[in-house]
>>> print(open('input-v1.cif').read())   # mmCIF, C-alpha atoms
data_run
loop_
_atom_site.group_PDB
_atom_site.id
_atom_site.type_symbol
_atom_site.label_atom_id
_atom_site.label_comp_id
_atom_site.auth_asym_id
_atom_site.auth_seq_id
_atom_site.Cartn_x
_atom_site.Cartn_y
_atom_site.Cartn_z
ATOM 1 C CA MET K 1 35.889 -151.312 137.962
ATOM 2 C CA ASP K 2 33.096 -148.798 138.343
ATOM 3 C CA PRO K 3 31.428 -148.316 134.921
ATOM 4 C CA LEU K 4 31.945 -144.545 134.924
ATOM 5 C CA ASP K 5 35.614 -144.949 135.876
ATOM 6 C CA TYR K 6 35.968 -147.335 132.950
ATOM 7 C CA CYS K 7 34.576 -144.663 130.633
ATOM 8 C CA ARG K 8 36.861 -141.981 132.044
ATOM 9 C CA GLN K 9 39.927 -144.134 131.501
ATOM 10 C CA LYS K 10 38.717 -144.928 128.003
ATOM 11 C CA VAL K 11 38.188 -141.412 126.667
ATOM 12 C CA ALA K 12 39.127 -138.804 129.266
ATOM 13 C CA PRO K 13 42.532 -139.570 130.797
ATOM 14 C CA ASP K 14 44.260 -136.675 132.504
ATOM 15 C CA GLY K 15 45.595 -134.181 129.981
ATOM 16 C CA SER K 16 43.326 -135.199 127.107
ATOM 17 C CA SER K 17 41.077 -132.771 125.234
ATOM 18 C CA VAL K 18 37.981 -134.607 126.421
ATOM 19 C CA TYR K 19 39.232 -134.398 130.008
ATOM 20 C CA TYR K 20 39.446 -130.610 129.851
ATOM 21 C CA ALA K 21 36.137 -130.277 128.028
ATOM 22 C CA LEU K 22 34.351 -132.369 130.658
ATOM 23 C CA LEU K 23 35.794 -130.232 133.458
ATOM 24 C CA PHE K 24 33.497 -127.472 132.251
ATOM 25 C CA ALA K 25 30.437 -129.577 131.396
ATOM 26 C CA PRO K 26 27.268 -129.143 133.480
ATOM 27 C CA ASN K 27 27.516 -131.353 136.564
ATOM 28 C CA GLU K 28 24.286 -133.170 135.814
ATOM 29 C CA ALA K 29 25.402 -133.993 132.256
ATOM 30 C CA ARG K 30 29.054 -134.928 132.854
ATOM 31 C CA ALA K 31 28.542 -138.650 133.479
ATOM 32 C CA GLY K 32 26.310 -139.069 130.438
ATOM 33 C CA LEU K 33 28.669 -137.125 128.190
ATOM 34 C CA THR K 34 31.565 -139.285 129.346
ATOM 35 C CA ALA K 35 29.623 -142.476 128.651
ATOM 36 C CA LEU K 36 28.570 -141.264 125.189
ATOM 37 C CA ALA K 37 32.175 -140.509 124.245
ATOM 38 C CA ALA K 38 33.258 -143.918 125.527
ATOM 39 C CA TYR K 39 30.527 -145.638 123.507
ATOM 40 C CA ARG K 40 31.718 -143.947 120.333
ATOM 41 C CA ALA K 41 35.297 -144.988 121.064
ATOM 42 C CA GLU K 42 34.369 -148.616 121.777
ATOM 43 C CA ILE K 43 32.466 -149.003 118.524
ATOM 44 C CA LEU K 44 34.848 -147.173 116.203
ATOM 45 C CA GLU K 45 37.855 -149.046 117.593
ATOM 46 C CA ILE K 46 36.463 -152.368 116.373
ATOM 47 C CA PRO K 47 37.602 -151.994 112.728
ATOM 48 C CA ARG K 48 41.089 -151.139 114.006
ATOM 49 C CA GLU K 49 41.234 -154.100 116.376
ATOM 50 C CA VAL K 50 40.179 -156.934 114.075
ATOM 51 C CA SER K 51 42.081 -158.444 111.177
ATOM 52 C CA GLU K 52 39.024 -160.044 109.570
ATOM 53 C CA ALA K 53 35.862 -158.200 108.616
ATOM 54 C CA GLY K 54 33.755 -161.177 109.664
ATOM 55 C CA VAL K 55 35.032 -160.983 113.225
ATOM 56 C CA GLY K 56 34.275 -157.287 113.292
ATOM 57 C CA ALA K 57 30.755 -157.912 112.019
ATOM 58 C CA VAL K 58 30.143 -160.360 114.869
ATOM 59 C CA LYS K 59 31.327 -157.784 117.394
ATOM 60 C CA LEU K 60 29.054 -155.144 115.914
ATOM 61 C CA THR K 61 26.094 -157.526 116.067
ATOM 62 C CA TRP K 62 26.809 -158.013 119.774
ATOM 63 C CA TRP K 63 26.803 -154.244 120.263
ATOM 64 C CA GLN K 64 23.528 -153.930 118.390
ATOM 65 C CA GLU K 65 22.072 -156.460 120.817
ATOM 66 C CA GLU K 66 23.648 -154.570 123.705
ATOM 67 C CA LEU K 67 21.914 -151.414 122.523
ATOM 68 C CA GLU K 68 18.622 -153.266 122.747
ATOM 69 C CA ARG K 69 19.535 -154.428 126.270
ATOM 70 C CA LEU K 70 20.272 -150.824 127.196
ATOM 71 C CA GLN K 71 16.879 -149.729 125.939
ATOM 72 C CA ASN K 72 15.348 -152.500 128.065
ATOM 73 C CA GLY K 73 17.288 -151.357 131.134
ATOM 74 C CA ALA K 74 19.632 -154.357 131.393
ATOM 75 C CA PRO K 75 22.966 -153.621 129.679
ATOM 76 C CA ARG K 76 26.026 -155.804 130.243
ATOM 77 C CA HIS K 77 28.931 -153.644 129.110
ATOM 78 C CA PRO K 78 30.324 -151.025 131.548
ATOM 79 C CA VAL K 79 29.930 -148.256 128.968
ATOM 80 C CA MET K 80 26.227 -148.973 128.631
ATOM 81 C CA GLN K 81 25.859 -149.407 132.375
ATOM 82 C CA ALA K 82 27.388 -145.950 132.819
ATOM 83 C CA LEU K 83 25.037 -144.480 130.198
ATOM 84 C CA LEU K 84 21.862 -146.059 131.604
ATOM 85 C CA PRO K 85 21.210 -143.632 134.525
ATOM 86 C CA SER K 86 21.528 -140.571 132.277
ATOM 87 C CA ALA K 87 19.387 -142.158 129.583
ATOM 88 C CA GLN K 88 16.657 -142.922 132.082
ATOM 89 C CA SER K 89 16.746 -139.616 133.959
ATOM 90 C CA HIS K 90 16.652 -137.583 130.743
ATOM 91 C CA GLY K 91 14.273 -139.854 128.845
ATOM 92 C CA LEU K 92 16.683 -140.164 125.930
ATOM 93 C CA ASN K 93 15.745 -141.939 122.725
ATOM 94 C CA LEU K 94 18.842 -144.073 122.127
ATOM 95 C CA GLU K 95 17.974 -145.526 118.725
ATOM 96 C CA GLY K 96 20.336 -143.052 117.103
ATOM 97 C CA LEU K 97 23.298 -144.794 118.721
ATOM 98 C CA GLY K 98 22.887 -147.471 116.092
ATOM 99 C CA GLU K 99 24.287 -144.942 113.605
ATOM 100 C CA VAL K 100 27.710 -145.291 115.218
ATOM 101 C CA ILE K 101 27.531 -149.037 114.604
ATOM 102 C CA GLU K 102 26.699 -148.330 110.961
ATOM 103 C CA ALA K 103 29.755 -146.077 110.709
ATOM 104 C CA ALA K 104 31.913 -148.949 111.926
ATOM 105 C CA ARG K 105 30.276 -151.223 109.347
ATOM 106 C CA MET K 106 31.275 -148.741 106.645
ATOM 107 C CA ASP K 107 34.864 -148.997 107.856
ATOM 108 C CA LEU K 108 34.747 -152.801 107.786
ATOM 109 C CA GLU K 109 33.135 -153.034 104.357
ATOM 110 C CA TYR K 110 34.798 -150.153 102.530
ATOM 111 C CA GLY K 111 37.400 -148.171 104.452
ATOM 112 C CA ARG K 112 37.547 -145.697 101.555
ATOM 113 C CA TYR K 113 35.220 -142.910 100.528
ATOM 114 C CA PRO K 114 34.899 -142.000 96.826
ATOM 115 C CA THR K 115 33.701 -138.422 97.335
ATOM 116 C CA LEU K 116 32.983 -135.933 100.084
ATOM 117 C CA ARG K 117 29.360 -137.037 100.043
ATOM 118 C CA GLU K 118 30.215 -140.540 101.296
ATOM 119 C CA LEU K 119 32.727 -139.210 103.803
ATOM 120 C CA THR K 120 30.111 -136.787 105.136
ATOM 121 C CA LEU K 121 27.713 -139.687 105.656
ATOM 122 C CA TYR K 122 30.385 -141.533 107.608
ATOM 123 C CA CYS K 123 31.089 -138.482 109.783
ATOM 124 C CA HIS K 124 27.389 -137.998 110.438
ATOM 125 C CA ARG K 125 27.031 -141.598 111.541
ATOM 126 C CA ALA K 126 30.206 -141.599 113.617
ATOM 127 C CA GLY K 127 29.497 -138.408 115.526
ATOM 128 C CA GLY K 128 26.073 -137.006 114.703
ATOM 129 C CA ALA K 129 24.005 -139.160 117.039
ATOM 130 C CA ILE K 130 26.480 -138.603 119.853
ATOM 131 C CA ALA K 131 26.273 -134.837 119.345
ATOM 132 C CA ASP K 132 22.470 -134.952 119.239
ATOM 133 C CA LEU K 133 22.236 -136.831 122.534
ATOM 134 C CA ALA K 134 24.909 -134.626 124.101
ATOM 135 C CA TRP K 135 22.906 -131.424 123.782
ATOM 136 C CA ARG K 136 19.807 -133.204 125.059
ATOM 137 C CA LEU K 137 21.719 -134.143 128.209
ATOM 138 C CA THR K 138 22.356 -130.460 128.893
ATOM 139 C CA GLY K 139 18.658 -129.601 128.745
ATOM 140 C CA ALA K 140 19.129 -127.199 125.847
ATOM 141 C CA ARG K 141 16.534 -126.514 123.154
ATOM 142 C CA GLY K 142 17.132 -128.115 119.798
ATOM 143 C CA ASP K 143 16.416 -125.014 117.752
ATOM 144 C CA GLU K 144 19.190 -123.255 119.670
ATOM 145 C CA VAL K 145 21.843 -125.931 119.923
ATOM 146 C CA ALA K 146 21.237 -128.647 117.297
ATOM 147 C CA PRO K 147 22.958 -126.712 114.427
ATOM 148 C CA PHE K 148 25.952 -126.053 116.699
ATOM 149 C CA ALA K 149 26.134 -129.716 117.709
ATOM 150 C CA HIS K 150 25.906 -130.930 114.114
ATOM 151 C CA ASP K 151 28.691 -128.742 112.767
ATOM 152 C CA LEU K 152 30.826 -129.311 115.849
ATOM 153 C CA SER K 153 30.633 -133.078 115.404
ATOM 154 C CA MET K 154 31.581 -132.754 111.730
ATOM 155 C CA GLY K 155 34.537 -130.523 112.555
ATOM 156 C CA LEU K 156 35.747 -132.852 115.291
ATOM 157 C CA GLU K 157 35.508 -135.935 113.086
ATOM 158 C CA LEU K 158 37.349 -134.294 110.187
ATOM 159 C CA THR K 159 40.090 -133.004 112.482
ATOM 160 C CA ARG K 160 40.599 -136.458 113.988
ATOM 161 C CA MET K 161 40.961 -137.869 110.479
ATOM 162 C CA ILE K 162 43.713 -135.388 109.671
ATOM 163 C CA ARG K 163 45.516 -136.061 112.917
ATOM 164 C CA HIS K 164 45.431 -139.845 112.497
ATOM 165 C CA VAL K 165 45.993 -140.032 108.740
ATOM 166 C CA ARG K 166 49.221 -142.057 109.028
ATOM 167 C CA ARG K 167 47.731 -144.594 111.429
ATOM 168 C CA ASP K 168 44.560 -144.993 109.402
ATOM 169 C CA VAL K 169 46.217 -145.360 105.988
ATOM 170 C CA ARG K 170 48.555 -148.000 107.363
ATOM 171 C CA ALA K 171 45.487 -149.870 108.601
ATOM 172 C CA GLY K 172 43.868 -149.699 105.162
ATOM 173 C CA ARG K 173 41.433 -146.860 105.797
ATOM 174 C CA VAL K 174 41.538 -143.557 103.927
ATOM 175 C CA TYR K 175 39.421 -140.676 105.211
ATOM 176 C CA ILE K 176 40.292 -138.341 102.364
ATOM 177 C CA PRO K 177 37.819 -138.395 99.454
ATOM 178 C CA GLU K 178 39.340 -140.520 96.710
ATOM 179 C CA ASP K 179 38.458 -138.024 93.995
ATOM 180 C CA GLU K 180 40.427 -135.336 95.844
ATOM 181 C CA LEU K 181 43.332 -137.719 96.339
ATOM 182 C CA THR K 182 43.363 -138.540 92.620
ATOM 183 C CA LEU K 183 43.057 -134.880 91.626
ATOM 184 C CA ALA K 184 46.166 -134.176 93.720
ATOM 185 C CA GLY K 185 48.044 -136.892 91.809
ATOM 186 C CA LEU K 186 48.433 -139.024 94.942
ATOM 187 C CA ASP K 187 47.538 -142.510 96.099
ATOM 188 C CA THR K 188 47.813 -144.309 99.426
ATOM 189 C CA GLU K 189 51.504 -145.055 98.888
ATOM 190 C CA THR K 190 52.574 -141.555 97.893
ATOM 191 C CA LEU K 191 50.366 -140.126 100.639
ATOM 192 C CA LEU K 192 52.684 -141.729 103.203
ATOM 193 C CA ASP K 193 55.933 -141.102 101.367
ATOM 194 C CA GLU K 194 58.528 -139.841 103.833
ATOM 195 C CA HIS K 195 59.787 -137.156 101.473
ATOM 196 C CA PRO K 196 58.097 -133.724 101.531
ATOM 197 C CA SER K 197 55.468 -133.221 98.850
ATOM 198 C CA GLN K 198 53.873 -129.969 97.767
ATOM 199 C CA ALA K 199 50.863 -131.849 96.395
ATOM 200 C CA ARG K 200 50.350 -133.638 99.697
ATOM 201 C CA GLN K 201 50.691 -130.446 101.693
ATOM 202 C CA GLU K 202 48.118 -128.687 99.523
ATOM 203 C CA LEU K 203 45.786 -131.676 99.834
ATOM 204 C CA MET K 204 46.061 -131.639 103.628
ATOM 205 C CA GLU K 205 45.583 -127.878 103.668
ATOM 206 C CA ARG K 206 42.251 -128.388 101.920
ATOM 207 C CA GLN K 207 41.242 -131.021 104.466
ATOM 208 C CA GLY K 208 42.263 -128.726 107.312
ATOM 209 C CA ALA K 209 40.377 -125.762 105.880
ATOM 210 C CA ARG K 210 37.235 -127.894 105.590
ATOM 211 C CA ALA K 211 37.446 -129.021 109.210
ATOM 212 C CA ARG K 212 38.069 -125.450 110.332
ATOM 213 C CA ARG K 213 34.994 -124.198 108.449
ATOM 214 C CA PHE K 214 32.779 -126.655 110.305
ATOM 215 C CA LEU K 215 34.225 -125.660 113.672
ATOM 216 C CA ASP K 216 33.830 -121.969 112.898
ATOM 217 C CA SER K 217 30.300 -122.536 111.639
ATOM 218 C CA ALA K 218 29.427 -124.335 114.857
ATOM 219 C CA ILE K 219 30.663 -121.439 116.975
ATOM 220 C CA ALA K 220 28.888 -118.870 114.813
ATOM 221 C CA GLN K 221 25.543 -120.660 115.128
ATOM 222 C CA LEU K 222 25.497 -120.978 118.924
ATOM 223 C CA PRO K 223 23.445 -118.140 120.466
ATOM 224 C CA GLY K 224 25.045 -116.193 123.284
ATOM 225 C CA ASP K 225 22.452 -117.203 125.854
ATOM 226 C CA ALA K 226 23.083 -120.904 125.123
ATOM 227 C CA ARG K 227 26.854 -120.779 125.378
ATOM 228 C CA ARG K 228 27.230 -121.270 129.111
ATOM 229 C CA GLY K 229 25.467 -124.634 128.956
ATOM 230 C CA GLN K 230 27.573 -125.711 125.957
ATOM 231 C CA THR K 231 30.970 -124.656 127.305
ATOM 232 C CA HIS K 232 32.290 -128.220 127.033
ATOM 233 C CA GLY K 233 31.528 -128.213 123.285
ATOM 234 C CA LEU K 234 33.091 -124.788 122.849
ATOM 235 C CA VAL K 235 36.222 -126.019 124.637
ATOM 236 C CA LEU K 236 36.510 -128.907 122.184
ATOM 237 C CA ALA K 237 35.999 -126.551 119.257
ATOM 238 C CA VAL K 238 38.734 -124.216 120.516
ATOM 239 C CA LEU K 239 41.198 -127.043 121.237
ATOM 240 C CA TYR K 240 40.673 -128.620 117.828
ATOM 241 C CA ARG K 241 40.948 -125.247 116.079
ATOM 242 C CA ARG K 242 44.247 -124.645 117.835
ATOM 243 C CA LEU K 243 45.458 -128.095 116.770
ATOM 244 C CA LEU K 244 44.544 -127.270 113.161
ATOM 245 C CA ASP K 245 46.357 -123.943 113.474
ATOM 246 C CA THR K 246 49.472 -125.736 114.717
ATOM 247 C CA LEU K 247 49.344 -128.266 111.892
ATOM 248 C CA ALA K 248 48.892 -125.514 109.314
ATOM 249 C CA HIS K 249 51.778 -123.510 110.741
ATOM 250 C CA GLU K 250 54.058 -126.552 110.516
ATOM 251 C CA GLY K 251 52.937 -127.473 106.996
ATOM 252 C CA TYR K 252 50.759 -130.451 107.992
ATOM 253 C CA PRO K 253 53.571 -132.906 108.831
ATOM 254 C CA VAL K 254 50.966 -135.544 109.708
ATOM 255 C CA VAL K 255 52.845 -138.302 107.900
ATOM 256 C CA ALA K 256 55.875 -137.950 110.156
ATOM 257 C CA ARG K 257 54.026 -138.083 113.481
ATOM 258 C CA GLU K 258 50.752 -137.479 115.246
ATOM 259 C CA HIS K 259 50.404 -134.052 116.825
ATOM 260 C CA HIS K 260 49.113 -133.124 120.255
ATOM 261 C CA LEU K 261 48.720 -129.896 122.150
ATOM 262 C CA THR K 262 50.522 -129.933 125.466
ATOM 263 C CA PRO K 263 48.360 -130.397 128.591
ATOM 264 C CA LEU K 264 49.360 -126.928 129.783
ATOM 265 C CA ARG K 265 48.201 -125.311 126.546
ATOM 266 C CA LYS K 266 44.980 -127.303 126.620
ATOM 267 C CA PHE K 267 44.281 -126.211 130.191
ATOM 268 C CA TRP K 268 44.934 -122.560 129.371
ATOM 269 C CA LEU K 269 42.690 -122.593 126.311
ATOM 270 C CA ALA K 270 39.954 -124.518 128.121
ATOM 271 C CA TRP K 271 40.045 -122.207 131.136
ATOM 272 C CA ARG K 272 39.976 -119.074 128.991
ATOM 273 C CA THR K 273 37.074 -120.422 126.938
ATOM 274 C CA ALA K 274 35.083 -121.433 130.033
ATOM 275 C CA ARG K 275 35.742 -118.079 131.671
ATOM 276 C CA ARG K 276 34.326 -116.167 128.702
ATOM 277 C CA PRO K 277 32.351 -118.534 126.432
ATOM 278 C CA GLY K 278 30.557 -115.593 124.843
ATOM 279 C CA ALA K 279 33.870 -114.187 123.626
ATOM 280 C CA VAL K 280 34.737 -117.179 121.457
ATOM 281 C CA LYS K 281 34.325 -116.115 117.845
ATOM 282 C CA PRO K 282 34.743 -117.923 114.523
ATOM 283 C CA GLY K 283 37.792 -117.092 112.482
ATOM 284 C CA PRO K 284 41.498 -116.756 113.318
ATOM 285 C CA GLY K 285 43.021 -114.554 115.948
ATOM 286 C CA GLU K 286 40.462 -114.971 118.718
ATOM 287 C CA ILE K 287 42.309 -117.511 120.833
ATOM 288 C CA PRO K 288 45.827 -116.865 122.165
ATOM 289 C CA LYS K 289 48.666 -118.968 120.822
#
>>> encode(input="input-v1.cif", output="structure tokens")
Amino acid sequence: MDPLDYCRQKVAPDGSSVYYALLFAPNEARAGLTALAAYRAEILEIPREVSEAGVGAVKLTWWQEELERLQNGAPRHPVMQALLPSAQSHGLNLEGLGEVIEAARMDLEYGRYPTLRELTLYCHRAGGAIADLAWRLTGARGDEVAPFAHDLSMGLELTRMIRHVRRDVRAGRVYIPEDELTLAGLDTETLLDEHPSQARQELMERQGARARRFLDSAIAQLPGDARRGQTHGLVLAVLYRRLLDTLAHEGYPVVAREHHLTPLRKFWLAWRTARRPGAVKPGPGEIPK
């Protein structure tokens, strides 16, 4: 399989949020953005795929070596082969990709985060380097776009954690700060209890509000003249905000099932955002339901 096709199948199948975001990415950056997203997915899937931490550690060591091979121009994995042309043409410094590997190590070694401080570190490692390289691929200036990219990556990571809370807890990973879980009078068992819980709903509302603040902050910090080149990021922000709105409206029933926007709704929101990226504002009420 062609390396770029492998990446597309990995992270951007038809109807996915990434698929619609990439539709509106700059042509010259689309392949690199796809490969970056696929790299993140490959690494962060490792803790979910292995039953023994030692096996996961071996896999992560291989990826660390593969990162070195990429920097030397001779990668073996299709994700890295897809990333190589963009890395070379844009002169990217790829050392930051090692942060994603460190995020996966945190999952293997801990899987729980005592406070928001530790969870923030995990989010930064899981998505920060990807976001940093993403804006560099678009040719933007860091002083314009780096704050947007940082807060966007945080908002995306936190939203994914809310969406996948049932799957992750069952796998032994909890992406809700333990002090907040304890303050709510909950633990990992009661968090997944099938019966409705006011304490759980209020806890998830706090997680959702935090994710929303990061997404809104990202949008607020992106200057108008930089928005056209970052339409793909704005599309992701809008789609994830709408997902959070839907979860909030339904009372965060994340224990019962994982939630998705329909492909038609995603397309409409993505098209509207791409048509008028300057009109996207932080706060509720800006995007049609």
>>> residues_around(input="input-v1.cif", residues="Glu45 (chain K)", least_positions_apart="4", cutoff="12 Å", atoms="only C-alpha atoms", output="PyMOL selection string")
chain K and resi 10-11+38-41+49-50+56+59-60+100-101+103-105+107-108+126+168+171
>>> residues_around(input="input-v1.cif", residues="Ile162 (chain K)", least_positions_apart="4", cutoff="9 Å", atoms="all atoms listed in the file", output="VMD selection string")
chain K and resid 157 to 158 166 175 to 176 204 207 to 208 211 244 252 254
>>> atom_distance(input="input-v1.cif", atom1="CA of Leu116 (chain K)", atom2="CA of His259 (chain K)")
24.2 Å
>>> residues_around(input="input-v1.cif", residues="Gly111 (chain K)", least_positions_apart="2", cutoff="7 Å", atoms="all atoms listed in the file", output="ChimeraX atom specification")
/K:106-109,113,172-174
>>> closest_residue(input="input-v1.cif", among="K:Pro177, K:Pro196, K:Gly128, K:Pro13", to="Met154 (chain K)", atoms="only C-alpha atoms")
K:Gly128
>>> atom_distance(input="input-v1.cif", atom1="CA of Asp216 (chain K)", atom2="CA of Thr231 (chain K)")
14.9 Å
>>> closest_residue(input="input-v1.cif", among="K:Leu183, K:Arg276, K:Lys281, K:Lys266", to="Tyr19 (chain K)", atoms="all atoms listed in the file")
K:Lys266
>>> residues_around(input="input-v1.cif", residues="Leu94 (chain K)", least_positions_apart="4", cutoff="9 Å", atoms="only C-alpha atoms", output="list of chain:residue names")
K:Leu67, K:Leu70, K:Gln71, K:Ala87, K:Gly98, K:Ala129, K:Leu133
>>> atom_distance(input="input-v1.cif", atom1="CA of Pro26 (chain K)", atom2="CA of His90 (chain K)")
13.8 Å
>>> axis_aligned_box(input="input-v1.cif", around="region 22-26 of chain K", padding_each_side="6 Å", output="AutoDock Vina command-line options")
--center_x 31.5 --center_y -129.9 --center_z 132.1 --size_x 20.5 --size_y 16.9 --size_z 14.8
>>> closest_residue(input="input-v1.cif", among="K:Arg167, K:Ile46, K:Ser86, K:Val235", to="Trp268 (chain K)", atoms="only C-alpha atoms")
K:Val235
>>> closest_residue(input="input-v1.cif", among="K:Tyr122, K:Trp271, K:Asp187, K:Leu264", to="Met161 (chain K)", atoms="only C-alpha atoms")
K:Tyr122
>>> resolve_selection(input="input-v1.cif", expression="the PyMOL selection byres ((chain K and resi 283) around 12)", output="ChimeraX atom specification")
/K:209,212-220,237-238,241-242,245,280-282,284-287
